[in-house]
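> Provided herewith: structure17.txt, compact mmCIF, C-alpha atoms.
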```txt
# COMPACT_ATOMS: atom_id res chain seq x y z
CA THR I 6 -23.02 -15.64 3.43
CA ALA I 7 -19.26 -15.26 3.43
CA LEU I 8 -18.74 -18.93 2.53
CA LYS I 9 -21.64 -18.92 0.07
CA GLY I 10 -23.11 -22.02 1.70
CA SER I 11 -20.19 -24.30 0.87
CA PHE I 12 -16.58 -24.92 1.77
CA ASN I 13 -14.14 -22.93 -0.32
CA ILE I 14 -11.43 -25.60 -0.55
CA PRO I 15 -8.85 -23.50 -2.48
CA GLY I 16 -9.43 -20.64 -0.06
CA ILE I 17 -9.04 -22.93 2.97
CA VAL I 18 -5.77 -24.37 1.65
CA THR I 19 -4.51 -20.89 0.79
CA GLY I 20 -5.50 -19.61 4.20
CA ILE I 21 -3.67 -22.42 6.00
CA VAL I 22 -0.49 -21.98 3.94
CA VAL I 23 -0.48 -18.20 4.26
CA CYS I 24 -1.19 -18.30 7.99
CA ALA I 25 1.66 -20.77 8.51
CA LEU I 26 4.12 -18.59 6.60
CA ILE I 27 2.98 -15.43 8.34
CA ALA I 28 3.20 -17.09 11.77
CA VAL I 29 6.82 -18.09 11.14
CA ILE I 30 7.69 -14.55 10.04
CA ILE I 31 5.77 -12.36 12.51
CA TYR I 32 6.87 -14.39 15.52
CA GLY I 33 10.44 -13.61 14.45
CA GLY I 34 9.87 -9.95 15.18
CA LEU I 35 10.31 -6.77 13.14
CA LYS I 36 13.81 -7.64 11.93
CA ARG I 37 12.62 -10.86 10.30
CA ILE I 38 9.67 -9.08 8.69
CA VAL I 39 11.95 -6.38 7.28
CA THR I 40 14.45 -9.01 6.07
CA VAL I 41 11.72 -10.89 4.20
CA THR I 42 9.94 -7.92 2.64
CA GLU I 43 13.08 -6.05 1.54
CA LYS I 44 14.04 -9.09 -0.53
CA PHE I 45 10.98 -9.40 -2.74
CA VAL I 46 9.24 -5.99 -2.69
CA PRO I 47 11.81 -4.31 -5.04
CA PHE I 48 11.64 -7.36 -7.32
CA MET I 49 7.84 -7.18 -7.25
CA ALA I 50 7.82 -3.51 -8.29
CA ALA I 51 10.45 -3.91 -11.02
CA PHE I 52 8.74 -7.02 -12.38
CA TYR I 53 5.41 -5.24 -12.70
CA ILE I 54 6.81 -1.93 -14.02
CA ILE I 55 8.80 -3.61 -16.80
CA GLY I 56 5.76 -5.58 -17.93
CA ALA I 57 3.55 -2.48 -17.87
CA LEU I 58 6.08 -0.40 -19.84
CA ILE I 59 6.34 -3.07 -22.53
CA ILE I 60 2.57 -3.04 -23.01
CA ILE I 61 2.39 0.78 -23.09
CA ILE I 62 5.23 0.95 -25.64
CA VAL I 63 3.52 -1.63 -27.85
CA ASN I 64 0.30 0.43 -27.70
CA PHE I 65 1.98 3.86 -27.74
CA ARG I 66 -0.42 5.13 -30.43
CA HIS I 67 -3.28 5.01 -27.92
CA ILE I 68 -1.53 6.90 -25.11
CA GLY I 69 -3.09 10.23 -26.11
CA ASP I 70 -6.57 8.70 -26.20
CA ALA I 71 -5.94 7.07 -22.82
CA PHE I 72 -5.09 10.37 -21.14
CA GLY I 73 -8.09 11.97 -22.83
CA GLU I 74 -10.34 9.30 -21.40
CA ILE I 75 -8.79 9.72 -17.95
CA PHE I 76 -9.54 13.44 -17.84
CA SER I 77 -12.92 13.32 -19.55
CA GLY I 78 -14.47 10.03 -18.46
CA GLY I 79 -17.14 10.46 -15.81
CA GLY I 80 -16.33 14.13 -15.33
CA ILE I 81 -19.67 15.53 -16.52
CA MET I 82 -22.25 13.82 -14.37
CA GLY I 83 -22.26 14.39 -10.63
CA TYR I 84 -22.93 10.71 -10.02
CA GLY I 85 -19.83 9.79 -11.99
CA ILE I 86 -17.73 12.17 -9.93
CA SER I 87 -19.13 10.86 -6.65
CA ARG I 88 -18.47 7.24 -7.67
CA ALA I 89 -14.93 8.10 -8.77
CA MET I 90 -14.23 9.86 -5.48
CA ARG I 91 -15.79 7.12 -3.38
CA PHE I 92 -13.87 4.24 -4.94
CA GLY I 93 -10.81 6.31 -5.84
CA VAL I 94 -10.26 7.44 -2.27
CA ALA I 95 -11.05 4.00 -0.84
CA ARG I 96 -8.70 2.13 -3.19
CA GLY I 97 -6.07 4.85 -2.96
CA VAL I 98 -6.01 4.62 0.82
CA PHE I 99 -5.90 0.84 0.63
CA SER I 100 -3.01 1.09 -1.82
CA ASN I 101 -0.73 3.63 -0.15
CA GLU I 102 -2.18 4.09 3.37
CA ALA I 103 -1.94 7.88 3.04
CA GLY I 104 -3.87 9.55 5.86
CA LEU I 105 -4.34 6.40 7.95
CA GLY I 106 -1.41 7.04 10.29
CA SER I 107 -0.32 3.41 10.09
CA SER I 108 2.97 3.54 8.18
CA VAL I 109 4.39 5.96 10.75
CA MET I 110 4.85 2.92 13.02
CA VAL I 111 7.43 1.54 10.60
CA HIS I 112 8.97 4.90 9.72
CA SER I 113 9.52 5.59 13.41
CA SER I 114 11.62 2.41 13.65
CA SER I 115 14.19 3.69 11.13
CA ASP I 116 17.65 4.91 12.06
CA ALA I 117 17.15 8.30 10.36
CA LYS I 118 18.51 11.19 12.43
CA GLU I 119 16.13 13.77 11.00
CA PRO I 120 12.31 13.40 11.06
CA VAL I 121 12.07 15.46 7.87
CA THR I 122 14.32 13.02 6.00
CA GLN I 123 12.18 10.05 6.98
CA GLY I 124 9.04 12.06 6.25
CA MET I 125 10.28 12.63 2.71
CA TRP I 126 10.63 8.88 2.26
CA GLY I 127 7.03 8.57 3.41
CA ILE I 128 5.95 11.10 0.78
CA PHE I 129 7.96 9.28 -1.90
CA GLN I 130 6.28 6.02 -0.92
CA VAL I 131 2.84 7.51 -1.63
CA PHE I 132 4.05 9.18 -4.85
CA PHE I 133 5.64 6.03 -6.26
CA ASP I 134 2.73 3.78 -5.40
CA THR I 135 -0.03 6.11 -6.57
CA ILE I 136 1.44 8.23 -9.36
CA VAL I 137 3.83 5.69 -10.87
CA ILE I 138 2.33 2.22 -10.31
CA CYS I 139 -1.35 3.19 -10.52
CA THR I 140 -0.82 5.43 -13.57
CA LEU I 141 1.02 2.63 -15.37
CA THR I 142 -1.86 0.27 -14.60
CA ALA I 143 -4.41 2.78 -15.88
CA LEU I 144 -2.47 3.29 -19.12
CA VAL I 145 -2.09 -0.47 -19.61
CA ILE I 146 -5.84 -0.94 -19.26
CA LEU I 147 -6.86 2.03 -21.43
CA THR I 148 -4.33 1.55 -24.25
CA THR I 149 -5.31 -2.12 -24.65
CA GLY I 150 -9.05 -1.43 -24.41
CA ALA I 151 -9.44 -3.90 -21.55
CA ASN I 152 -11.91 -1.55 -19.86
CA LEU I 153 -14.29 -1.99 -22.80
CA GLN I 154 -14.50 -5.77 -22.48
CA SER I 155 -17.81 -6.98 -21.10
CA GLY I 156 -17.98 -9.40 -18.22
CA LEU I 157 -14.65 -8.37 -16.68
CA GLU I 158 -14.35 -6.90 -13.18
CA GLY I 159 -11.57 -5.98 -10.77
CA VAL I 160 -8.19 -7.56 -11.32
CA ASN I 161 -9.48 -9.58 -14.30
CA ILE I 162 -9.42 -6.36 -16.34
CA THR I 163 -5.72 -5.91 -15.61
CA ILE I 164 -4.99 -9.57 -16.34
CA TYR I 165 -6.79 -9.29 -19.67
CA ALA I 166 -4.76 -6.17 -20.54
CA PHE I 167 -1.45 -7.88 -19.80
CA GLU I 168 -2.46 -11.07 -21.60
CA SER I 169 -3.48 -9.15 -24.73
CA VAL I 170 0.17 -8.25 -25.33
CA LEU I 171 2.29 -10.69 -23.32
CA GLY I 172 0.09 -13.78 -23.53
CA LYS I 173 0.16 -16.16 -20.58
CA TRP I 174 3.24 -14.42 -19.23
CA GLY I 175 1.08 -11.34 -18.72
CA SER I 176 -1.25 -13.17 -16.36
CA TYR I 177 1.77 -14.54 -14.49
CA ILE I 178 3.15 -11.03 -14.00
CA VAL I 179 -0.12 -9.74 -12.57
CA SER I 180 -0.77 -12.82 -10.44
CA ILE I 181 2.74 -12.90 -8.95
CA GLY I 182 2.59 -9.15 -8.35
CA ILE I 183 -0.72 -9.44 -6.51
CA VAL I 184 0.52 -12.32 -4.34
CA MET I 185 3.68 -10.42 -3.38
CA PHE I 186 1.80 -7.19 -2.77
CA ALA I 187 -0.82 -8.91 -0.61
CA PHE I 188 1.74 -10.91 1.35
CA SER I 189 3.94 -7.88 2.10
CA THR I 190 0.83 -5.89 3.07
CA ILE I 191 -0.26 -8.57 5.54
CA LEU I 192 3.21 -8.59 7.11
CA GLY I 193 3.20 -4.80 7.38
CA TRP I 194 -0.19 -4.69 9.05
CA SER I 195 0.92 -7.34 11.53
CA VAL I 196 3.58 -4.88 12.69
CA TYR I 197 1.10 -2.03 13.00
CA GLY I 198 -1.35 -4.07 15.03
CA SER I 199 1.38 -5.50 17.27
CA ARG I 200 2.66 -2.02 18.07
CA ALA I 201 -0.85 -0.77 18.86
CA ALA I 202 -1.60 -3.82 21.03
CA GLU I 203 1.67 -3.40 22.91
CA TYR I 204 0.89 0.26 23.57
CA ILE I 205 -2.56 -0.60 24.93
CA GLY I 206 -1.85 -3.74 26.95
CA GLY I 207 1.84 -4.64 26.81
CA LYS I 208 3.49 -7.85 25.62
CA LYS I 209 0.66 -10.11 26.79
CA LEU I 210 -1.90 -8.35 24.60
CA THR I 211 0.54 -8.48 21.69
CA ALA I 212 0.62 -12.29 21.92
CA VAL I 213 -3.19 -12.39 21.92
CA TYR I 214 -3.31 -10.00 18.97
CA LYS I 215 -1.06 -12.21 16.85
CA ILE I 216 -3.38 -15.16 17.36
CA ILE I 217 -6.41 -13.05 16.41
CA PHE I 218 -4.51 -11.65 13.42
CA LEU I 219 -3.74 -15.13 12.07
CA ALA I 220 -7.37 -16.18 12.59
CA MET I 221 -8.65 -13.14 10.68
CA THR I 222 -6.15 -13.83 7.88
CA PHE I 223 -7.62 -17.31 7.48
CA ILE I 224 -11.19 -15.96 7.54
CA GLY I 225 -10.26 -13.44 4.85
CA ALA I 226 -8.94 -16.23 2.62
CA VAL I 227 -12.26 -18.13 2.69
CA SER I 228 -14.62 -15.12 2.65
CA SER I 229 -16.18 -13.41 -0.35
CA ILE I 230 -14.09 -10.67 -1.92
CA GLN I 231 -16.91 -8.14 -1.55
CA LEU I 232 -17.09 -8.76 2.20
CA VAL I 233 -13.32 -8.26 2.50
CA TRP I 234 -13.46 -4.98 0.54
CA ASP I 235 -16.40 -3.68 2.57
CA LEU I 236 -14.69 -4.46 5.89
CA SER I 237 -11.42 -2.92 4.68
CA ASP I 238 -13.11 0.30 3.55
CA THR I 239 -15.06 0.58 6.81
CA PHE I 240 -12.12 0.07 9.15
CA ASN I 241 -9.81 2.23 7.04
CA GLY I 242 -12.32 5.05 7.33
CA LEU I 243 -12.54 4.59 11.11
CA MET I 244 -8.75 4.79 11.34
CA ALA I 245 -8.47 7.82 9.08
CA LEU I 246 -10.88 10.02 11.06
CA PRO I 247 -8.87 10.37 14.31
CA ASN I 248 -5.59 10.44 12.40
CA LEU I 249 -6.69 13.30 10.12
CA ILE I 250 -7.79 15.27 13.19
CA GLY I 251 -4.35 14.68 14.70
CA LEU I 252 -2.66 15.79 11.47
CA LEU I 253 -4.58 19.06 11.50
CA LEU I 254 -3.61 19.73 15.12
CA LEU I 255 0.06 18.89 14.48
CA SER I 256 0.35 20.62 11.09
CA GLY I 257 1.86 23.75 12.67
CA THR I 258 4.60 21.70 14.33
CA VAL I 259 5.32 19.88 11.05
CA PHE I 260 5.76 23.18 9.20
CA LYS I 261 8.14 24.47 11.92
CA ILE I 262 10.27 21.30 11.86
CA THR I 263 10.45 21.36 8.07
CA LYS I 264 11.41 25.04 8.00
CA ASN I 265 14.07 24.43 10.63
CA TYR I 266 15.50 21.54 8.60
CA GLU I 267 15.55 23.57 5.37
CA GLN I 268 17.33 26.46 7.06
CA ARG I 269 19.97 24.20 8.62
CA VAL I 270 20.60 21.60 5.92
CA ILE I 271 19.75 23.45 2.72
CA GLY I 272 20.34 27.04 3.78
CA GLY I 273 23.41 26.31 5.90
CA LYS I 274 22.24 28.43 8.83
CA LYS I 275 23.65 27.64 12.27
CA ILE I 276 20.47 27.35 14.28
CA LYS I 277 19.37 24.90 16.93
CA PRO I 278 17.89 21.64 15.51
CA MET I 279 14.23 21.04 16.26
CA LEU I 280 12.98 17.61 17.37
CA SER I 281 15.85 15.76 15.69
CA PHE I 282 18.54 13.36 16.84
CA TYR I 283 21.06 16.22 16.93
CA ASP I 284 18.74 18.23 19.17
CA ARG I 285 18.70 15.40 21.74
CA GLU I 286 22.42 14.81 21.31
CA LYS I 287 23.17 18.31 22.50
```
Translate this structure into structure tokens?

Amino acid sequence: TALKGSFNIPGIVTGIVVCALIAVIIYGGLKRIVTVTEKFVPFMAAFYIIGALIIIIVNFRHIGDAFGEIFSGGGIMGYGISRAMRFGVARGVFSNEAGLGSSVMVHSSSDAKEPVTQGMWGIFQVFFDTIVICTLTALVILTTGANLQSGLEGVNITIYAFESVLGKWGSYIVSIGIVMFAFSTILGWSVYGSRAAEYIGGKKLTAVYKIIFLAMTFIGAVSSIQLVWDLSDTFNGLMALPNLIGLLLLSGTVFKITKNYEQRVIGGKKIKPMLSFYDREK
């Protein structure tokens, strides 16, 4: 079913190339992964944002209608609301990982001396990805009327919207952005899985995990997109459940640490640091 009864040659070639690149990077450890992603992720974001802003400026007369459609579309019928929540939450989680508890594995590797400081970067990450990037995409689609075109689904709607103003360059912007986003996401998840495998079974299990990870990457490249989305939504939900329970249990501690930080750093009070580098230092 996944291969639709035939060999997906472009998918197989893509899978082999991607797996080879990922293998070279992930076997170099976290430092190599960070070195690679920090080079092209800012470029990826800037590239996409500039293109989106150009399209929105060209279609500025439709911005008011776009926001009206955002707030009114699907808001009357219960089914519309349920569909919006189901796919909105699923794609939002897939986009920014909020609530999954995965990105904390990377944040914990930073050299920040205060957990609140690093936590703020985590909040900014979700804000920038969801509020800025996703809102720009929505406005691009709605101001160009791409959502009204029949026969278009998924990323093809965004490509159509960019092409309607920027021509072929528009499709290049979206395509390059997707490739960079997907590649950096795969590298990030390799770190998460490696850390989890190491915690469970040590270095030996980490080596086994990397082999399985590369195999699954190849399978994803030759499988149907619907199968990939369904598996992603399912496993993301399974990850979110225990993490959200943990967040509720730790919420009191988070509030105390944040209050302590605000009193010390913002308020200038001389009180003992709580769960920070300076607390351990003393």
> With distances taken over all atoms listed in the file, which of I:Val145, I:Val259, I:Ala151, I:Leu236 is nearest to Phe72 (chain I)?
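The closest residue to Phe72 (chain I) is I:Val145.
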> I:Phe129, I:Phe52, I:Phe65, I:Phe186: which is nearest Leu147 (chain I), counting all atoms listed in the file?
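The closest residue to Leu147 (chain I) is I:Phe65.
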> Counting all atoms listed in the file, which of I:Met279, I:Ile55, I:Val196, I:Ile183 gets nearest to Glu267 (chain I)?
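The closest residue to Glu267 (chain I) is I:Met279.
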> What's the 10 Å shell around Ser107 (chain I), counting only C-alpha atoms, without same-chain residues fewer than 6 positions away, as a list in words?
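Surrounding residues, per the criterion: Gly193, Trp194, Val196, Tyr197, Gly198, Ala201, Met244, Ala245 and Asn248 of chain I.
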> Using only C-alpha atoms for the distances, tell me which of I:Gly106, I:Glu168, I:Lys44, I:Ala202 is nearest to Tyr214 (chain I).
I:Ala202
> Distance CA of Ser195 (chain I)-CA of Phe218 (chain I), one decimal place?
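Calculated distance between CA of Ser195 (chain I) and CA of Phe218 (chain I) is 7.2 Å.
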